[in-house]
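K.L.:
Structure file target.pdb (PDB, C-alpha atoms) right here:
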ATOM      1  CA  MET A   1    -113.589  98.773 -10.927
ATOM      2  CA  LEU A   2    -116.196  99.722 -13.525
ATOM      3  CA  ASN A   3    -115.593 101.127 -16.998
ATOM      4  CA  ILE A   4    -117.779 103.267 -19.226
ATOM      5  CA  ILE A   5    -118.583 100.981 -22.185
ATOM      6  CA  GLY A   6    -119.685 103.397 -24.925
ATOM      7  CA  GLY A   7    -119.452 106.912 -26.262
ATOM      8  CA  LEU A   8    -116.798 109.610 -25.908
ATOM      9  CA  LYS A   9    -115.578 108.446 -22.485
ATOM     10  CA  LYS A  10    -115.462 104.736 -23.360
ATOM     11  CA  ARG A  11    -113.028 102.791 -21.128
ATOM     12  CA  THR A  12    -112.908 105.552 -18.478
ATOM     13  CA  LYS A  13    -112.690 103.866 -15.086
ATOM     14  CA  LEU A  14    -115.308 104.629 -12.443
ATOM     15  CA  ASP A  15    -114.767 104.143  -8.733
ATOM     16  CA  VAL A  16    -117.200 101.930  -6.851
ATOM     17  CA  PRO A  17    -118.326 103.074  -3.399
ATOM     18  CA  VAL A  18    -117.405 100.599  -0.682
ATOM     19  CA  VAL A  19    -120.786 100.745   1.099
ATOM     20  CA  ASN A  20    -124.375  99.904   0.145
ATOM     21  CA  VAL A  21    -123.830  99.676  -3.620
ATOM     22  CA  ARG A  22    -124.525  96.940  -6.167
ATOM     23  CA  PRO A  23    -123.230  98.341  -9.479
ATOM     24  CA  THR A  24    -124.894  97.312 -12.729
ATOM     25  CA  SER A  25    -122.463  95.050 -14.576
ATOM     26  CA  SER A  26    -121.012  95.978 -17.966
ATOM     27  CA  LYS A  27    -122.968  93.153 -19.585
ATOM     28  CA  LYS A  28    -126.293  94.445 -18.218
ATOM     29  CA  ARG A  29    -125.460  98.067 -19.049
ATOM     30  CA  GLU A  30    -124.590  97.089 -22.628
ATOM     31  CA  ALA A  31    -127.891  95.211 -22.939
ATOM     32  CA  ILE A  32    -129.903  98.098 -21.434
ATOM     33  CA  PHE A  33    -128.394 100.695 -23.754
ATOM     34  CA  SER A  34    -128.802  98.413 -26.787
ATOM     35  CA  ILE A  35    -132.509  98.040 -25.973
ATOM     36  CA  LEU A  36    -132.906 101.798 -25.389
ATOM     37  CA  GLU A  37    -131.162 102.653 -28.654
ATOM     38  CA  SER A  38    -133.109 100.022 -30.608
ATOM     39  CA  ASN A  39    -136.389 101.354 -29.204
ATOM     40  CA  ALA A  40    -135.356 104.910 -30.106
ATOM     41  CA  LEU A  41    -134.585 103.889 -33.695
ATOM     42  CA  LYS A  42    -137.889 102.060 -34.004
ATOM     43  CA  ASN A  43    -139.791 105.108 -32.699
ATOM     44  CA  LYS A  44    -137.641 107.614 -34.632
ATOM     45  CA  VAL A  45    -136.560 109.556 -31.536
ATOM     46  CA  ASN A  46    -133.144 110.617 -30.324
ATOM     47  CA  ILE A  47    -132.755 109.680 -26.670
ATOM     48  CA  TYR A  48    -129.443 111.524 -26.202
ATOM     49  CA  PHE A  49    -129.196 114.820 -28.098
ATOM     50  CA  ASN A  50    -130.263 117.686 -25.827
ATOM     51  CA  LYS A  51    -131.927 115.148 -23.482
ATOM     52  CA  TYR A  52    -132.109 114.802 -19.721
ATOM     53  CA  PHE A  53    -131.680 111.552 -17.794
ATOM     54  CA  LEU A  54    -132.488 110.589 -14.208
ATOM     55  CA  ASP A  55    -130.474 108.027 -12.247
ATOM     56  CA  LEU A  56    -132.293 107.076  -9.017
ATOM     57  CA  PHE A  57    -130.405 105.187  -6.298
ATOM     58  CA  ALA A  58    -127.376 106.309  -8.318
ATOM     59  CA  GLY A  59    -124.536 104.634  -6.412
ATOM     60  CA  SER A  60    -121.441 104.917  -8.627
ATOM     61  CA  GLY A  61    -123.508 106.758 -11.247
ATOM     62  CA  SER A  62    -122.607 104.253 -13.955
ATOM     63  CA  MET A  63    -126.006 104.355 -15.684
ATOM     64  CA  GLY A  64    -126.336 108.129 -15.913
ATOM     65  CA  LEU A  65    -122.657 108.584 -16.743
ATOM     66  CA  GLU A  66    -122.951 105.994 -19.511
ATOM     67  CA  ALA A  67    -125.775 108.119 -20.960
ATOM     68  CA  ILE A  68    -123.682 111.296 -20.763
ATOM     69  CA  SER A  69    -120.745 109.540 -22.427
ATOM     70  CA  ARG A  70    -123.113 108.556 -25.249
ATOM     71  CA  GLY A  71    -124.316 112.126 -25.774
ATOM     72  CA  ALA A  72    -126.983 112.968 -23.166
ATOM     73  CA  LYS A  73    -126.967 116.646 -22.211
ATOM     74  CA  PHE A  74    -127.577 116.249 -18.475
ATOM     75  CA  CYS A  75    -128.253 113.712 -15.730
ATOM     76  CA  TYR A  76    -129.829 114.125 -12.308
ATOM     77  CA  PHE A  77    -128.368 111.671  -9.790
ATOM     78  CA  TYR A  78    -130.340 110.901  -6.620
ATOM     79  CA  GLU A  79    -128.450 109.275  -3.771
ATOM     80  CA  ILE A  80    -128.877 109.412  -0.008
ATOM     81  CA  THR A  81    -125.649 107.959   1.441
ATOM     82  CA  LYS A  82    -122.986 110.616   2.077
ATOM     83  CA  GLU A  83    -120.004 108.259   1.540
ATOM     84  CA  VAL A  84    -121.486 107.128  -1.775
ATOM     85  CA  ILE A  85    -122.135 110.732  -2.878
ATOM     86  CA  LYS A  86    -118.415 111.567  -2.571
ATOM     87  CA  THR A  87    -117.508 108.741  -4.963
ATOM     88  CA  LEU A  88    -120.413 109.642  -7.255
ATOM     89  CA  GLU A  89    -119.248 113.259  -7.506
ATOM     90  CA  ASN A  90    -115.675 112.172  -8.333
ATOM     91  CA  ASN A  91    -117.011 109.835 -11.043
ATOM     92  CA  CYS A  92    -119.152 112.620 -12.518
ATOM     93  CA  LEU A  93    -116.161 114.949 -12.761
ATOM     94  CA  LYS A  94    -114.201 112.221 -14.631
ATOM     95  CA  ILE A  95    -116.905 111.978 -17.309
ATOM     96  CA  CYS A  96    -118.418 115.432 -17.693
ATOM     97  CA  LYS A  97    -118.407 119.079 -16.677
ATOM     98  CA  SER A  98    -120.246 120.330 -13.610
ATOM     99  CA  ASN A  99    -122.982 121.838 -15.805
ATOM    100  CA  ASN A 100    -123.870 118.346 -17.110
ATOM    101  CA  PHE A 101    -125.056 116.869 -13.815
ATOM    102  CA  ALA A 102    -126.715 117.520 -10.483
ATOM    103  CA  ILE A 103    -126.476 115.290  -7.432
ATOM    104  CA  VAL A 104    -129.504 115.407  -5.168
ATOM    105  CA  GLU A 105    -129.127 114.018  -1.645
ATOM    106  CA  GLN A 106    -132.635 112.879  -0.860
ATOM    107  CA  ASP A 107    -134.793 109.935   0.188
ATOM    108  CA  ILE A 108    -136.315 108.917  -3.141
ATOM    109  CA  SER A 109    -139.364 107.276  -1.599
ATOM    110  CA  LYS A 110    -140.388 110.708  -0.238
ATOM    111  CA  SER A 111    -139.247 112.834  -3.171
ATOM    112  CA  PHE A 112    -141.507 114.950  -5.339
ATOM    113  CA  PHE A 113    -138.569 115.676  -7.691
ATOM    114  CA  LYS A 114    -138.906 119.456  -7.441
ATOM    115  CA  GLU A 115    -135.196 119.814  -8.304
ATOM    116  CA  ILE A 116    -135.896 118.630 -11.866
ATOM    117  CA  ASN A 117    -137.184 121.225 -14.292
ATOM    118  CA  LYS A 118    -136.896 119.395 -17.636
ATOM    119  CA  PRO A 119    -138.803 116.437 -19.125
ATOM    120  CA  LEU A 120    -136.784 113.229 -18.976
ATOM    121  CA  SER A 121    -135.693 110.982 -21.822
ATOM    122  CA  VAL A 122    -134.758 107.972 -19.669
ATOM    123  CA  ILE A 123    -135.193 107.193 -15.974
ATOM    124  CA  PHE A 124    -133.032 104.527 -14.330
ATOM    125  CA  ILE A 125    -134.338 102.987 -11.102
ATOM    126  CA  ASP A 126    -131.934 100.511  -9.516
ATOM    127  CA  PRO A 127    -132.826 100.355  -5.815
ATOM    128  CA  PRO A 128    -131.711  97.974  -3.102
ATOM    129  CA  TYR A 129    -133.473  94.697  -3.859
ATOM    130  CA  THR A 130    -135.435  95.051  -0.611
ATOM    131  CA  LEU A 131    -137.443  97.988  -2.021
ATOM    132  CA  ILE A 132    -140.837  96.639  -3.004
ATOM    133  CA  SER A 133    -143.043  99.605  -3.944
ATOM    134  CA  PHE A 134    -142.202 101.382  -7.167
ATOM    135  CA  LYS A 135    -145.705 102.755  -7.616
ATOM    136  CA  ASN A 136    -145.192 105.710  -5.241
ATOM    137  CA  ILE A 137    -141.969 106.772  -6.986
ATOM    138  CA  LEU A 138    -143.547 106.448 -10.432
ATOM    139  CA  ASN A 139    -146.681 108.328  -9.339
ATOM    140  CA  ASN A 140    -144.548 111.179  -7.970
ATOM    141  CA  LEU A 141    -142.636 111.366 -11.263
ATOM    142  CA  LEU A 142    -145.966 111.494 -13.133
ATOM    143  CA  LYS A 143    -147.341 114.205 -10.821
ATOM    144  CA  ALA A 144    -144.192 116.240 -11.415
ATOM    145  CA  LYS A 145    -144.867 115.945 -15.182
ATOM    146  CA  LEU A 146    -141.413 114.462 -15.788
ATOM    147  CA  ILE A 147    -142.583 111.423 -17.754
ATOM    148  CA  MET A 148    -143.500 112.239 -21.352
ATOM    149  CA  LYS A 149    -144.772 110.158 -24.266
ATOM    150  CA  ASN A 150    -141.266 109.012 -25.265
ATOM    151  CA  THR A 151    -139.792 108.647 -21.753
ATOM    152  CA  ILE A 152    -138.476 105.158 -20.989
ATOM    153  CA  ILE A 153    -138.229 103.923 -17.399
ATOM    154  CA  VAL A 154    -135.669 101.187 -16.746
ATOM    155  CA  ILE A 155    -136.085  99.262 -13.483
ATOM    156  CA  GLU A 156    -133.577  96.717 -12.193
ATOM    157  CA  THR A 157    -134.905  94.262  -9.598
ATOM    158  CA  GLU A 158    -134.497  90.748  -8.340
ATOM    159  CA  LYS A 159    -135.875  88.197 -10.788
ATOM    160  CA  LYS A 160    -138.943  87.381  -8.644
ATOM    161  CA  THR A 161    -139.933  90.975  -7.839
ATOM    162  CA  LYS A 162    -143.364  92.011  -9.097
ATOM    163  CA  ILE A 163    -143.349  95.652 -10.111
ATOM    164  CA  ASN A 164    -146.481  97.598  -9.248
ATOM    165  CA  PHE A 165    -146.813 100.510 -11.630
ATOM    166  CA  PRO A 166    -149.501 103.115 -12.342
ATOM    167  CA  PRO A 167    -152.246 102.146 -14.825
ATOM    168  CA  LEU A 168    -151.016 104.844 -17.245
ATOM    169  CA  MET A 169    -147.885 102.753 -17.866
ATOM    170  CA  LYS A 170    -147.076  99.545 -19.703
ATOM    171  CA  ILE A 171    -144.169  97.134 -19.917
ATOM    172  CA  ILE A 172    -142.470  97.468 -23.311
ATOM    173  CA  ASP A 173    -139.677  94.948 -22.678
ATOM    174  CA  GLU A 174    -138.418  92.675 -19.922
ATOM    175  CA  ARG A 175    -135.132  90.762 -19.737
ATOM    176  CA  TYR A 176    -133.539  88.375 -17.265
ATOM    177  CA  TYR A 177    -129.835  88.180 -16.421
ATOM    178  CA  GLY A 178    -129.068  85.559 -13.787
ATOM    179  CA  LYS A 179    -130.882  86.671 -10.602
ATOM    180  CA  THR A 180    -131.752  90.072 -12.095
ATOM    181  CA  LYS A 181    -134.782  91.322 -14.004
ATOM    182  CA  ILE A 182    -134.631  94.480 -16.129
ATOM    183  CA  THR A 183    -138.061  95.973 -16.904
ATOM    184  CA  PHE A 184    -138.656  98.756 -19.431
ATOM    185  CA  LEU A 185    -141.804 100.871 -18.975
ATOM    186  CA  SER A 186    -143.397 103.693 -20.920
ATOM    187  CA  LEU A 187    -146.681 105.557 -20.954
ATOM    188  CA  ILE A 188    -149.613 103.849 -22.648
ATOM    189  CA  GLY A 189    -150.458 105.370 -26.025
TER
END
Since I need it in another form, could you write the structure as structure tokens?
P.N.:
Amino acid sequence: MLNIIGGLKKRTKLDVPVVNVRPTSSKKREAIFSILESNALKNKVNIYFNKYFLDLFAGSGSMGLEAISRGAKFCYFYEITKEVIKTLENNCLKICKSNNFAIVEQDISKSFFKEINKPLSVIFIDPPYTLISFKNILNNLLKAKLIMKNTIIVIETEKKTKINFPPLMKIIDERYYGKTKITFLSLIG
């Protein structure tokens, strides 16, 4: 069982789908949101108020729902497994109203993100560890004009995974937690 760790819905329990999901632990989520909030303070931006988030390979939805609990206006959740989507929808309805989220059932590696019509504050990418190429996903997000100057991309991978990303992007932080690497990207400039 997972809990929301911050914001208005702190301590609300989330269900974990029984298939094909590796939820981000509370410790890692706390670290990720601390880094995001610290970066926002440093750059004098508000990452939550009136902002849109994207949770790719959403699973239980813990990352996007954590953002909504902390004040984000809306989160798009992309997930392809029907059994997982049922749990994800139930979790969303525990944390927010139906006008605060959209669940998109789609293969992310082939998505052009046409369902999203707002610039994104933060993008979470936490795929199965067997996914190697992030460049295609990131390029499609860039082509869709969803990544802005202050957008932060958070990618969770296995420690040894090398992330290929478009030349317009840079790593702004990278942390290791056991076998996991969390990489934070943003646009150059």
K.L.:
Specify as an MDAnalysis selection string each residue included when the PyMOL selection byres ((chain A and resi 149) around 10) is applied to this file.
P.N.:
chainID A and resid 121 147:148 150:152 186:189
K.L.:
Would you translate the PyMOL selection byres ((chain A and resi 174) around 12) into the concrete set of residues it matches in this file, as a count of residues only?
P.N.:
25
K.L.:
Can you tell me, as lines of an AutoDock Vina configuration file, the centre and edge lengths (Å, one decimal) of the axis-aligned box enclosing all of range 163-181 of chain A's listed atoms after padding each side by 4 Å?
P.N.:
center_x = -140.7
center_y = 95.2
center_z = -16.3
size_x = 31.2
size_y = 27.3
size_z = 22.1
K.L.:
List the residues selected by the PyMOL selection byres ((chain A and resi 13-29) around 6) in the file shown, writing them as a list in words.
P.N.:
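For this structure, the PyMOL selection byres ((chain A and resi 13-29) around 6) resolves to Met1, Leu2, Asn3, Thr12, Glu30, Ala31, Ile32, Gly59, Ser60, Val84, Thr87 and Asn91 of chain A.
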K.L.:
Quick one: distance from CA of Ala67 in chain A to CA of Tyr52 in chain A in Å, one decimal?
P.N.:
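For CA of Ala67 in chain A relative to CA of Tyr52 in chain A, the distance reads 9.3 Å.
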K.L.:
Quote the spacing between CA of Phe113 in chain A and CA of Asn139 in chain A in Å to one decimal place.
P.N.:
11.1 Å
K.L.:
Give me the residues near range 47-50 of chain A as number ranges by chain, where near means some atom within 6 Å (using only C-alpha atoms) and where sequence neighbours in that chain fewer than 2 positions away do not count.
P.N.:
A: 71-73, 121
K.L.:
Would you please work out which residue, of A:Leu131, A:Leu138, A:Cys75, A:Leu88, is nearest to Ile116 in chain A when using only C-alpha atoms?
P.N.:
A:Cys75
